[in-house]
Amino acid sequence: MPKSFVGKVRAKLQELYTREIKVDKQNKNIYLNGDDNLYPYEIERAINNSPTATRAADIMQKFITGKGVENDVLVNKKKGYYLSDIANLAGTDISIQNGFFIWVGYGLDLAGEEFVPVSNKLDVLDYSNTRISKEDDNEYNGRIYYKDYQCKKVNYGKDRSETKDEWFYPYNSSADIIISQMKADARKALGRKKDELVTIEEMVKHYRGQVLYVNLTPRYKYALSKFDSVFNDADSEYRFSLYVNTQMRSGFLGKTAVVMQGLDEEDEEQEFENVTKWLGAENSGGVYCLNVEQIEDLDNVLKIVQPKAQLDDKLFVENDKRIRRNILGAANNLPEPLIYAGEGALFGTSGDTYKQMKLFYQEQTQRERSAIEKTLKRLGFETKIIPIIEEDADTEV
């Protein structure tokens, strides 16, 4: 279970639109994703802690990937993934991180008298665990590294940095380069020298594959999450919930104190029993009798105290709408009735208006949907995502 970053000061991350992404020369020359290399984990945790952000990301993913893809085909036999599953995984990472890492495996098919590499297997790597490394002297992309960067300790307390990293080649469609990589991986796995031959089966079996990084904010080395600008709002929504929960569990909510004076030990026990019977909806008649001698002030004998609840409703009312509006705006201008079915938002909306909102949001997510389609086509898989709602020919948007 990932360790929550709750309690971490946001300012420590700097303003994330100016976050520093630098090369870690002590660790494979990888580019750090944020000052502490934990940016994707923190964004994901902030979204998961916020009900509005969680719903928004979920709805966004559904609109990005629609109803699946036309002519769906099996693309990863080992995991049982179809092309639509790959699109869904990529759409999930886009909705949270604004990018995705797609792994490509290759087979070798005979074309004429030569074997040529053909992409025959796809997967999507966990975005939070994936990093890119520095380009070489010829400006070619560096290796793609994969591990849990927030887990400092692994088996038997051994430091994670001392374990062997899993890495992949950056995507390159050159047949010569792919075959060269296949031979190198096979020889290394089998302990053979550089000039020793390897078979086609050995090349395919031991090839680690390539990874293509799709970054929807290419001005940055790593993608900037759509929810980056509302990180504080998502965190505030979580803390509002935490505050209410704390007050419900340990505050003065609905508490009652009965203060008695001048009673001996026997009378005190009897009155405690009487008051206990008097409490609740199902009581012994709803009448409580206490016989006292004539006194000037009854409060000197019995006093009921009900502390005021510490919940400040105005604090939540004033901020809830602002927080919700900001988060939905960051989520590609998600219309509120599409995410909140309560308060008459969904069922109080006419069918035509609701359809128009769905068409509007489908348009707002077109760029992300197109990015997935183009990426899969680039990898050799003809892809057309089926929209979540079809636009009628006579419908004006």
# chains A, B, ... in the order shown; residues from 1 in each chain; ligands from 1
$ residues_around --residues "A:Ala87" --least-positions-apart "2" --cutoff "10 Å" --atoms "only C-alpha atoms" --output "list in words"
Gln61, Ile64, Thr65, Gly66, Gly68, Val69, Tyr82, Leu83, Ser84, Asp85, Leu89, Ala90, Gly91, Thr92, Asp123, Val124, Arg369, Ile372, Glu373, Thr375, Leu376, Thr383 and Ile385 of chain A
$ closest_residue --among "A:Ser95, A:Asn333, A:Gln356, A:Gln210" --to "A:Leu125" --atoms "only C-alpha atoms"
A:Gln210
$ closest_residue --among "A:Asp35, A:Ser50, A:Glu44, A:Ile86" --to "A:Arg239" --atoms "only C-alpha atoms"
A:Ser50
$ closest_residue --among "A:Ala56, A:Ile144, A:Ala189, A:Cys151" --to "A:Tyr171" --atoms "only C-alpha atoms"
A:Ile144
$ atom_distance --atom1 "atom CA of A:Thr52" --atom2 "atom CA of A:Asn215"
24.6 Å
$ residues_around --residues "stretch 197-205 of chain A" --least-positions-apart "6" --cutoff "6 Å" --atoms "only C-alpha atoms" --output "list in words"
Gly107, Met182, Lys183 and Ala186 of chain A
$ residues_around --residues "A:Ala53" --least-positions-apart "2" --cutoff "10 Å" --atoms "only C-alpha atoms" --output "PDB file with C-alpha atoms, in the first residue's frame"
ATOM      1  CA  GLU A  44      -2.589  10.412  -7.757  1.00  0.00           C
ATOM      2  CA  ALA A  46      -4.489  13.994  -4.028  1.00  0.00           C
ATOM      3  CA  ILE A  47      -7.039  12.893  -6.633  1.00  0.00           C
ATOM      4  CA  ASN A  48      -7.904   9.694  -4.763  1.00  0.00           C
ATOM      5  CA  ASN A  49      -8.427  11.682  -1.541  1.00  0.00           C
ATOM      6  CA  SER A  50     -10.864  14.080  -3.223  1.00  0.00           C
ATOM      7  CA  PRO A  51     -14.391  12.788  -4.039  1.00  0.00           C
ATOM      8  CA  ARG A  55     -15.324  11.282  -9.977  1.00  0.00           C
ATOM      9  CA  ALA A  56     -14.034  13.810 -12.491  1.00  0.00           C
ATOM     10  CA  ALA A  57     -11.061  11.629 -13.475  1.00  0.00           C
ATOM     11  CA  ASP A  58     -13.331   8.596 -13.789  1.00  0.00           C
ATOM     12  CA  ILE A  59     -15.856  10.396 -16.012  1.00  0.00           C
ATOM     13  CA  ILE A  96      -4.754  11.495 -13.973  1.00  0.00           C
ATOM     14  CA  PHE A 227      -5.248  18.470 -11.738  1.00  0.00           C
ATOM     15  CA  VAL A 230      -6.197  22.382  -8.325  1.00  0.00           C
ATOM     16  CA  PHE A 231      -3.924  20.282  -6.132  1.00  0.00           C
ATOM     17  CA  ASP A 233      -8.470  22.361  -3.845  1.00  0.00           C
ATOM     18  CA  ALA A 234      -8.423  18.555  -3.990  1.00  0.00           C
ATOM     19  CA  ASP A 235      -6.434  18.469  -0.762  1.00  0.00           C
ATOM     20  CA  GLU A 237     -11.813  18.809  -0.004  1.00  0.00           C
ATOM     21  CA  ILE A 323     -13.628  23.876  -4.849  1.00  0.00           C
ATOM     22  CA  ARG A 324     -15.997  21.796  -6.952  1.00  0.00           C
ATOM     23  CA  ASN A 326     -12.277  24.622  -9.863  1.00  0.00           C
ATOM     24  CA  ILE A 327     -11.761  20.856  -9.994  1.00  0.00           C
ATOM     25  CA  LEU A 328     -14.375  20.293 -12.698  1.00  0.00           C
ATOM     26  CA  ALA A 330      -9.451  21.520 -14.565  1.00  0.00           C
ATOM     27  CA  ALA A 331     -10.989  18.234 -15.745  1.00  0.00           C
TER      28      ALA A 331
END
$ select_by_dssp --residues "stretch 70-113 of chain A" --states "strand (DSSP E)" --output "PDB file with all heavy atoms, in the first residue's frame"
ATOM      1  N   LEU A  74      -7.098  -9.147 -29.874  1.00  0.00           N
ATOM      2  CA  LEU A  74      -6.250  -9.539 -28.755  1.00  0.00           C
ATOM      3  C   LEU A  74      -4.822  -9.066 -29.018  1.00  0.00           C
ATOM      4  O   LEU A  74      -4.239  -9.366 -30.049  1.00  0.00           O
ATOM      5  CB  LEU A  74      -6.272 -11.059 -28.589  1.00  0.00           C
ATOM      6  CG  LEU A  74      -5.519 -11.634 -27.390  1.00  0.00           C
ATOM      7  CD1 LEU A  74      -6.201 -11.227 -26.084  1.00  0.00           C
ATOM      8  CD2 LEU A  74      -5.444 -13.161 -27.493  1.00  0.00           C
ATOM      9  N   VAL A  75      -4.263  -8.302 -28.070  1.00  0.00           N
ATOM     10  CA  VAL A  75      -2.920  -7.753 -28.272  1.00  0.00           C
ATOM     11  C   VAL A  75      -1.937  -8.163 -27.171  1.00  0.00           C
ATOM     12  O   VAL A  75      -0.770  -7.790 -27.223  1.00  0.00           O
ATOM     13  CB  VAL A  75      -2.959  -6.208 -28.371  1.00  0.00           C
ATOM     14  CG1 VAL A  75      -3.690  -5.768 -29.629  1.00  0.00           C
ATOM     15  CG2 VAL A  75      -3.587  -5.593 -27.123  1.00  0.00           C
ATOM     16  N   ASN A  76      -2.404  -8.888 -26.176  1.00  0.00           N
ATOM     17  CA  ASN A  76      -1.524  -9.385 -25.122  1.00  0.00           C
ATOM     18  C   ASN A  76      -2.139 -10.674 -24.580  1.00  0.00           C
ATOM     19  O   ASN A  76      -2.970 -10.649 -23.667  1.00  0.00           O
ATOM     20  CB  ASN A  76      -1.357  -8.348 -24.010  1.00  0.00           C
ATOM     21  CG  ASN A  76      -0.236  -8.692 -23.041  1.00  0.00           C
ATOM     22  OD1 ASN A  76      -0.035  -9.852 -22.703  1.00  0.00           O
ATOM     23  ND2 ASN A  76       0.491  -7.682 -22.593  1.00  0.00           N
ATOM     24  N   TYR A  81      -5.284  -9.011 -22.696  1.00  0.00           N
ATOM     25  CA  TYR A  81      -5.650  -7.653 -23.070  1.00  0.00           C
ATOM     26  C   TYR A  81      -6.052  -7.572 -24.543  1.00  0.00           C
ATOM     27  O   TYR A  81      -5.332  -8.071 -25.423  1.00  0.00           O
ATOM     28  CB  TYR A  81      -4.480  -6.696 -22.856  1.00  0.00           C
ATOM     29  CG  TYR A  81      -4.192  -6.345 -21.414  1.00  0.00           C
ATOM     30  CD1 TYR A  81      -2.990  -5.727 -21.073  1.00  0.00           C
ATOM     31  CD2 TYR A  81      -5.099  -6.612 -20.401  1.00  0.00           C
ATOM     32  CE1 TYR A  81      -2.706  -5.394 -19.759  1.00  0.00           C
ATOM     33  CE2 TYR A  81      -4.822  -6.291 -19.098  1.00  0.00           C
ATOM     34  CZ  TYR A  81      -3.621  -5.681 -18.774  1.00  0.00           C
ATOM     35  OH  TYR A  81      -3.337  -5.351 -17.472  1.00  0.00           O
ATOM     36  N   TYR A  82      -7.179  -6.923 -24.776  1.00  0.00           N
ATOM     37  CA  TYR A  82      -7.580  -6.557 -26.126  1.00  0.00           C
ATOM     38  C   TYR A  82      -7.175  -5.104 -26.368  1.00  0.00           C
ATOM     39  O   TYR A  82      -6.779  -4.396 -25.436  1.00  0.00           O
ATOM     40  CB  TYR A  82      -9.081  -6.749 -26.318  1.00  0.00           C
ATOM     41  CG  TYR A  82      -9.482  -8.200 -26.523  1.00  0.00           C
ATOM     42  CD1 TYR A  82      -9.559  -9.077 -25.441  1.00  0.00           C
ATOM     43  CD2 TYR A  82      -9.756  -8.699 -27.791  1.00  0.00           C
ATOM     44  CE1 TYR A  82      -9.907 -10.409 -25.623  1.00  0.00           C
ATOM     45  CE2 TYR A  82     -10.110 -10.028 -27.993  1.00  0.00           C
ATOM     46  CZ  TYR A  82     -10.180 -10.881 -26.903  1.00  0.00           C
ATOM     47  OH  TYR A  82     -10.520 -12.196 -27.089  1.00  0.00           O
ATOM     48  N   GLY A  99      -0.559  11.759 -19.541  1.00  0.00           N
ATOM     49  CA  GLY A  99       0.364  11.053 -20.410  1.00  0.00           C
ATOM     50  C   GLY A  99       0.317   9.575 -20.111  1.00  0.00           C
ATOM     51  O   GLY A  99      -0.348   9.139 -19.163  1.00  0.00           O
ATOM     52  N   PHE A 100       1.018   8.758 -20.922  1.00  0.00           N
ATOM     53  CA  PHE A 100       1.073   7.329 -20.650  1.00  0.00           C
ATOM     54  C   PHE A 100       2.310   6.727 -21.308  1.00  0.00           C
ATOM     55  O   PHE A 100       2.861   7.260 -22.277  1.00  0.00           O
ATOM     56  CB  PHE A 100      -0.195   6.612 -21.124  1.00  0.00           C
ATOM     57  CG  PHE A 100      -0.475   6.708 -22.605  1.00  0.00           C
ATOM     58  CD1 PHE A 100      -0.069   5.709 -23.483  1.00  0.00           C
ATOM     59  CD2 PHE A 100      -1.163   7.789 -23.123  1.00  0.00           C
ATOM     60  CE1 PHE A 100      -0.328   5.786 -24.837  1.00  0.00           C
ATOM     61  CE2 PHE A 100      -1.441   7.886 -24.483  1.00  0.00           C
ATOM     62  CZ  PHE A 100      -1.019   6.875 -25.352  1.00  0.00           C
ATOM     63  N   PHE A 101       2.755   5.594 -20.736  1.00  0.00           N
ATOM     64  CA  PHE A 101       3.880   4.830 -21.248  1.00  0.00           C
ATOM     65  C   PHE A 101       3.349   3.516 -21.809  1.00  0.00           C
ATOM     66  O   PHE A 101       2.772   2.715 -21.064  1.00  0.00           O
ATOM     67  CB  PHE A 101       4.895   4.523 -20.144  1.00  0.00           C
ATOM     68  CG  PHE A 101       5.655   5.721 -19.641  1.00  0.00           C
ATOM     69  CD1 PHE A 101       5.159   6.477 -18.579  1.00  0.00           C
ATOM     70  CD2 PHE A 101       6.863   6.086 -20.216  1.00  0.00           C
ATOM     71  CE1 PHE A 101       5.875   7.575 -18.101  1.00  0.00           C
ATOM     72  CE2 PHE A 101       7.578   7.184 -19.753  1.00  0.00           C
ATOM     73  CZ  PHE A 101       7.079   7.935 -18.693  1.00  0.00           C
ATOM     74  N   ILE A 102       3.543   3.287 -23.099  1.00  0.00           N
ATOM     75  CA  ILE A 102       3.030   2.074 -23.722  1.00  0.00           C
ATOM     76  C   ILE A 102       4.193   1.176 -24.135  1.00  0.00           C
ATOM     77  O   ILE A 102       5.133   1.599 -24.810  1.00  0.00           O
ATOM     78  CB  ILE A 102       2.107   2.405 -24.918  1.00  0.00           C
ATOM     79  CG1 ILE A 102       1.424   1.150 -25.430  1.00  0.00           C
ATOM     80  CG2 ILE A 102       2.849   3.126 -26.023  1.00  0.00           C
ATOM     81  CD1 ILE A 102       0.223   1.437 -26.314  1.00  0.00           C
ATOM     82  N   TRP A 103       4.141  -0.081 -23.681  1.00  0.00           N
ATOM     83  CA  TRP A 103       5.189  -1.060 -23.971  1.00  0.00           C
ATOM     84  C   TRP A 103       4.843  -1.813 -25.240  1.00  0.00           C
ATOM     85  O   TRP A 103       3.688  -2.181 -25.470  1.00  0.00           O
ATOM     86  CB  TRP A 103       5.316  -2.036 -22.805  1.00  0.00           C
ATOM     87  CG  TRP A 103       6.291  -3.149 -23.040  1.00  0.00           C
ATOM     88  CD1 TRP A 103       7.643  -3.131 -22.836  1.00  0.00           C
ATOM     89  CD2 TRP A 103       5.989  -4.468 -23.518  1.00  0.00           C
ATOM     90  NE1 TRP A 103       8.201  -4.348 -23.163  1.00  0.00           N
ATOM     91  CE2 TRP A 103       7.208  -5.181 -23.592  1.00  0.00           C
ATOM     92  CE3 TRP A 103       4.805  -5.101 -23.906  1.00  0.00           C
ATOM     93  CZ2 TRP A 103       7.271  -6.499 -24.016  1.00  0.00           C
ATOM     94  CZ3 TRP A 103       4.864  -6.424 -24.345  1.00  0.00           C
ATOM     95  CH2 TRP A 103       6.087  -7.106 -24.385  1.00  0.00           C
ATOM     96  N   VAL A 104       5.865  -2.062 -26.064  1.00  0.00           N
ATOM     97  CA  VAL A 104       5.664  -2.751 -27.335  1.00  0.00           C
ATOM     98  C   VAL A 104       6.582  -3.964 -27.406  1.00  0.00           C
ATOM     99  O   VAL A 104       7.803  -3.839 -27.260  1.00  0.00           O
ATOM    100  CB  VAL A 104       5.967  -1.828 -28.533  1.00  0.00           C
ATOM    101  CG1 VAL A 104       5.507  -2.497 -29.832  1.00  0.00           C
ATOM    102  CG2 VAL A 104       5.326  -0.470 -28.371  1.00  0.00           C
ATOM    103  N   GLY A 105       5.997  -5.147 -27.622  1.00  0.00           N
ATOM    104  CA  GLY A 105       6.777  -6.357 -27.849  1.00  0.00           C
ATOM    105  C   GLY A 105       6.768  -6.689 -29.327  1.00  0.00           C
ATOM    106  O   GLY A 105       5.823  -6.343 -30.054  1.00  0.00           O
ATOM    107  N   TYR A 106       7.809  -7.355 -29.794  1.00  0.00           N
ATOM    108  CA  TYR A 106       7.935  -7.635 -31.233  1.00  0.00           C
ATOM    109  C   TYR A 106       8.121  -9.121 -31.484  1.00  0.00           C
ATOM    110  O   TYR A 106       8.748  -9.839 -30.700  1.00  0.00           O
ATOM    111  CB  TYR A 106       9.129  -6.891 -31.830  1.00  0.00           C
ATOM    112  CG  TYR A 106       8.934  -5.400 -31.945  1.00  0.00           C
ATOM    113  CD1 TYR A 106       9.305  -4.551 -30.904  1.00  0.00           C
ATOM    114  CD2 TYR A 106       8.380  -4.836 -33.090  1.00  0.00           C
ATOM    115  CE1 TYR A 106       9.136  -3.181 -31.003  1.00  0.00           C
ATOM    116  CE2 TYR A 106       8.210  -3.463 -33.209  1.00  0.00           C
ATOM    117  CZ  TYR A 106       8.586  -2.646 -32.157  1.00  0.00           C
ATOM    118  OH  TYR A 106       8.402  -1.294 -32.262  1.00  0.00           O
ATOM    119  N   GLY A 107       7.576  -9.539 -32.611  1.00  0.00           N
ATOM    120  CA  GLY A 107       7.857 -10.855 -33.145  1.00  0.00           C
ATOM    121  C   GLY A 107       8.604 -10.678 -34.456  1.00  0.00           C
ATOM    122  O   GLY A 107       8.752  -9.559 -34.953  1.00  0.00           O
ATOM    123  N   LEU A 108       9.090 -11.770 -35.030  1.00  0.00           N
ATOM    124  CA  LEU A 108       9.803 -11.709 -36.308  1.00  0.00           C
ATOM    125  C   LEU A 108       9.044 -12.535 -37.340  1.00  0.00           C
ATOM    126  O   LEU A 108       8.832 -13.733 -37.145  1.00  0.00           O
ATOM    127  CB  LEU A 108      11.232 -12.225 -36.145  1.00  0.00           C
ATOM    128  CG  LEU A 108      12.182 -11.316 -35.351  1.00  0.00           C
ATOM    129  CD1 LEU A 108      13.509 -12.029 -35.096  1.00  0.00           C
ATOM    130  CD2 LEU A 108      12.415  -9.999 -36.074  1.00  0.00           C
ATOM    131  N   ASP A 109       8.614 -11.898 -38.414  1.00  0.00           N
ATOM    132  CA  ASP A 109       7.885 -12.565 -39.487  1.00  0.00           C
ATOM    133  C   ASP A 109       8.742 -12.612 -40.743  1.00  0.00           C
ATOM    134  O   ASP A 109       9.497 -11.673 -41.033  1.00  0.00           O
ATOM    135  CB  ASP A 109       6.576 -11.825 -39.785  1.00  0.00           C
ATOM    136  CG  ASP A 109       5.545 -12.021 -38.686  1.00  0.00           C
ATOM    137  OD1 ASP A 109       5.798 -12.838 -37.783  1.00  0.00           O
ATOM    138  OD2 ASP A 109       4.501 -11.348 -38.723  1.00  0.00           O
ATOM    139  N   LEU A 110       8.615 -13.689 -41.470  1.00  0.00           N
ATOM    140  CA  LEU A 110       9.388 -13.858 -42.696  1.00  0.00           C
ATOM    141  C   LEU A 110       8.748 -13.052 -43.820  1.00  0.00           C
ATOM    142  O   LEU A 110       7.577 -13.236 -44.154  1.00  0.00           O
ATOM    143  CB  LEU A 110       9.452 -15.340 -43.082  1.00  0.00           C
ATOM    144  CG  LEU A 110      10.381 -15.699 -44.244  1.00  0.00           C
ATOM    145  CD1 LEU A 110      11.833 -15.354 -43.879  1.00  0.00           C
ATOM    146  CD2 LEU A 110      10.252 -17.184 -44.582  1.00  0.00           C
ATOM    147  N   ALA A 111       9.518 -12.132 -44.366  1.00  0.00           N
ATOM    148  CA  ALA A 111       9.075 -11.321 -45.495  1.00  0.00           C
ATOM    149  C   ALA A 111      10.080 -11.513 -46.619  1.00  0.00           C
ATOM    150  O   ALA A 111      11.184 -10.983 -46.575  1.00  0.00           O
ATOM    151  CB  ALA A 111       8.979  -9.851 -45.112  1.00  0.00           C
TER     152      ALA A 111
END
$ select_by_dssp --residues "stretch 91-193 of chain A" --states "helix (DSSP H, G or I)" --output "VMD selection string"
chain A and resid 91 to 97 127 to 129 155 to 157 160 to 162 175 to 190
$ write_last_selection --atoms "N, CA and C atoms" --output "compact mmCIF listing (two decimals), in the first residue's frame"
# COMPACT_ATOMS: atom_id res chain seq x y z
N GLY A 91 -6.15 5.72 -21.31
CA GLY A 91 -7.09 6.78 -20.95
C GLY A 91 -7.09 7.08 -19.47
N THR A 92 -6.93 6.05 -18.64
CA THR A 92 -6.86 6.25 -17.19
C THR A 92 -5.66 7.08 -16.82
N ASP A 93 -4.50 6.76 -17.40
CA ASP A 93 -3.29 7.54 -17.10
C ASP A 93 -3.39 8.97 -17.62
N ILE A 94 -4.03 9.15 -18.77
CA ILE A 94 -4.21 10.51 -19.29
C ILE A 94 -5.07 11.33 -18.35
N SER A 95 -6.16 10.73 -17.86
CA SER A 95 -7.10 11.47 -17.00
C SER A 95 -6.46 11.89 -15.68
N ILE A 96 -5.42 11.18 -15.24
CA ILE A 96 -4.75 11.50 -13.97
C ILE A 96 -3.43 12.22 -14.19
N GLN A 97 -2.60 11.67 -15.10
CA GLN A 97 -1.23 12.17 -15.26
C GLN A 97 -1.03 13.01 -16.51
N TYR A 127 2.23 4.40 -14.78
CA TYR A 127 2.85 5.70 -15.04
C TYR A 127 3.71 6.16 -13.87
N SER A 128 3.21 6.01 -12.66
CA SER A 128 3.91 6.53 -11.48
C SER A 128 5.28 5.88 -11.29
N ASN A 129 5.44 4.65 -11.78
CA ASN A 129 6.68 3.91 -11.58
C ASN A 129 7.66 4.02 -12.75
N ASN A 155 12.76 -6.40 0.09
CA ASN A 155 12.98 -7.64 0.86
C ASN A 155 14.22 -7.58 1.75
N TYR A 156 14.05 -8.01 2.99
CA TYR A 156 15.12 -8.09 3.97
C TYR A 156 15.77 -6.74 4.25
N GLY A 157 15.02 -5.66 4.02
CA GLY A 157 15.53 -4.34 4.33
C GLY A 157 16.55 -3.82 3.36
N ARG A 160 16.23 -0.21 -2.10
CA ARG A 160 15.72 -0.42 -3.45
C ARG A 160 16.75 0.03 -4.50
N SER A 161 17.49 1.08 -4.21
CA SER A 161 18.45 1.59 -5.16
C SER A 161 19.57 0.59 -5.45
N GLU A 162 19.73 -0.41 -4.56
CA GLU A 162 20.76 -1.42 -4.76
C GLU A 162 20.26 -2.60 -5.58
N ALA A 175 13.81 -1.31 -38.26
CA ALA A 175 13.92 -2.76 -38.21
C ALA A 175 15.33 -3.19 -37.82
N ASP A 176 16.33 -2.51 -38.33
CA ASP A 176 17.72 -2.86 -38.02
C ASP A 176 18.01 -2.69 -36.53
N ILE A 177 17.51 -1.60 -35.96
CA ILE A 177 17.74 -1.33 -34.53
C ILE A 177 17.02 -2.36 -33.67
N ILE A 178 15.79 -2.70 -34.03
CA ILE A 178 15.02 -3.69 -33.25
C ILE A 178 15.72 -5.04 -33.27
N ILE A 179 16.15 -5.48 -34.45
CA ILE A 179 16.83 -6.77 -34.55
C ILE A 179 18.15 -6.75 -33.78
N SER A 180 18.86 -5.64 -33.83
CA SER A 180 20.11 -5.51 -33.08
C SER A 180 19.85 -5.61 -31.57
N GLN A 181 18.78 -4.98 -31.11
CA GLN A 181 18.41 -5.04 -29.70
C GLN A 181 18.02 -6.47 -29.31
N MET A 182 17.28 -7.14 -30.18
CA MET A 182 16.87 -8.52 -29.91
C MET A 182 18.09 -9.44 -29.74
N LYS A 183 19.04 -9.29 -30.64
CA LYS A 183 20.24 -10.12 -30.56
C LYS A 183 21.02 -9.85 -29.28
N ALA A 184 21.16 -8.57 -28.93
CA ALA A 184 21.90 -8.20 -27.73
C ALA A 184 21.25 -8.77 -26.48
N ASP A 185 19.91 -8.69 -26.39
CA ASP A 185 19.19 -9.21 -25.22
C ASP A 185 19.31 -10.73 -25.13
N ALA A 186 19.22 -11.40 -26.27
CA ALA A 186 19.31 -12.86 -26.28
C ALA A 186 20.70 -13.31 -25.86
N ARG A 187 21.74 -12.69 -26.39
CA ARG A 187 23.10 -13.07 -26.04
C ARG A 187 23.37 -12.83 -24.55
N LYS A 188 22.88 -11.71 -24.03
CA LYS A 188 23.10 -11.41 -22.62
C LYS A 188 22.37 -12.41 -21.73
N ALA A 189 21.15 -12.74 -22.09
CA ALA A 189 20.36 -13.67 -21.29
C ALA A 189 20.96 -15.07 -21.31
N LEU A 190 21.56 -15.44 -22.44
CA LEU A 190 22.09 -16.80 -22.59
C LEU A 190 23.58 -16.88 -22.29
$ atom_distance --atom1 "atom CA of A:Ser174" --atom2 "atom CA of A:Ile132"
20.1 Å
$ atom_distance --atom1 "atom CA of A:Asn37" --atom2 "atom CA of A:Asp228"
15.4 Å
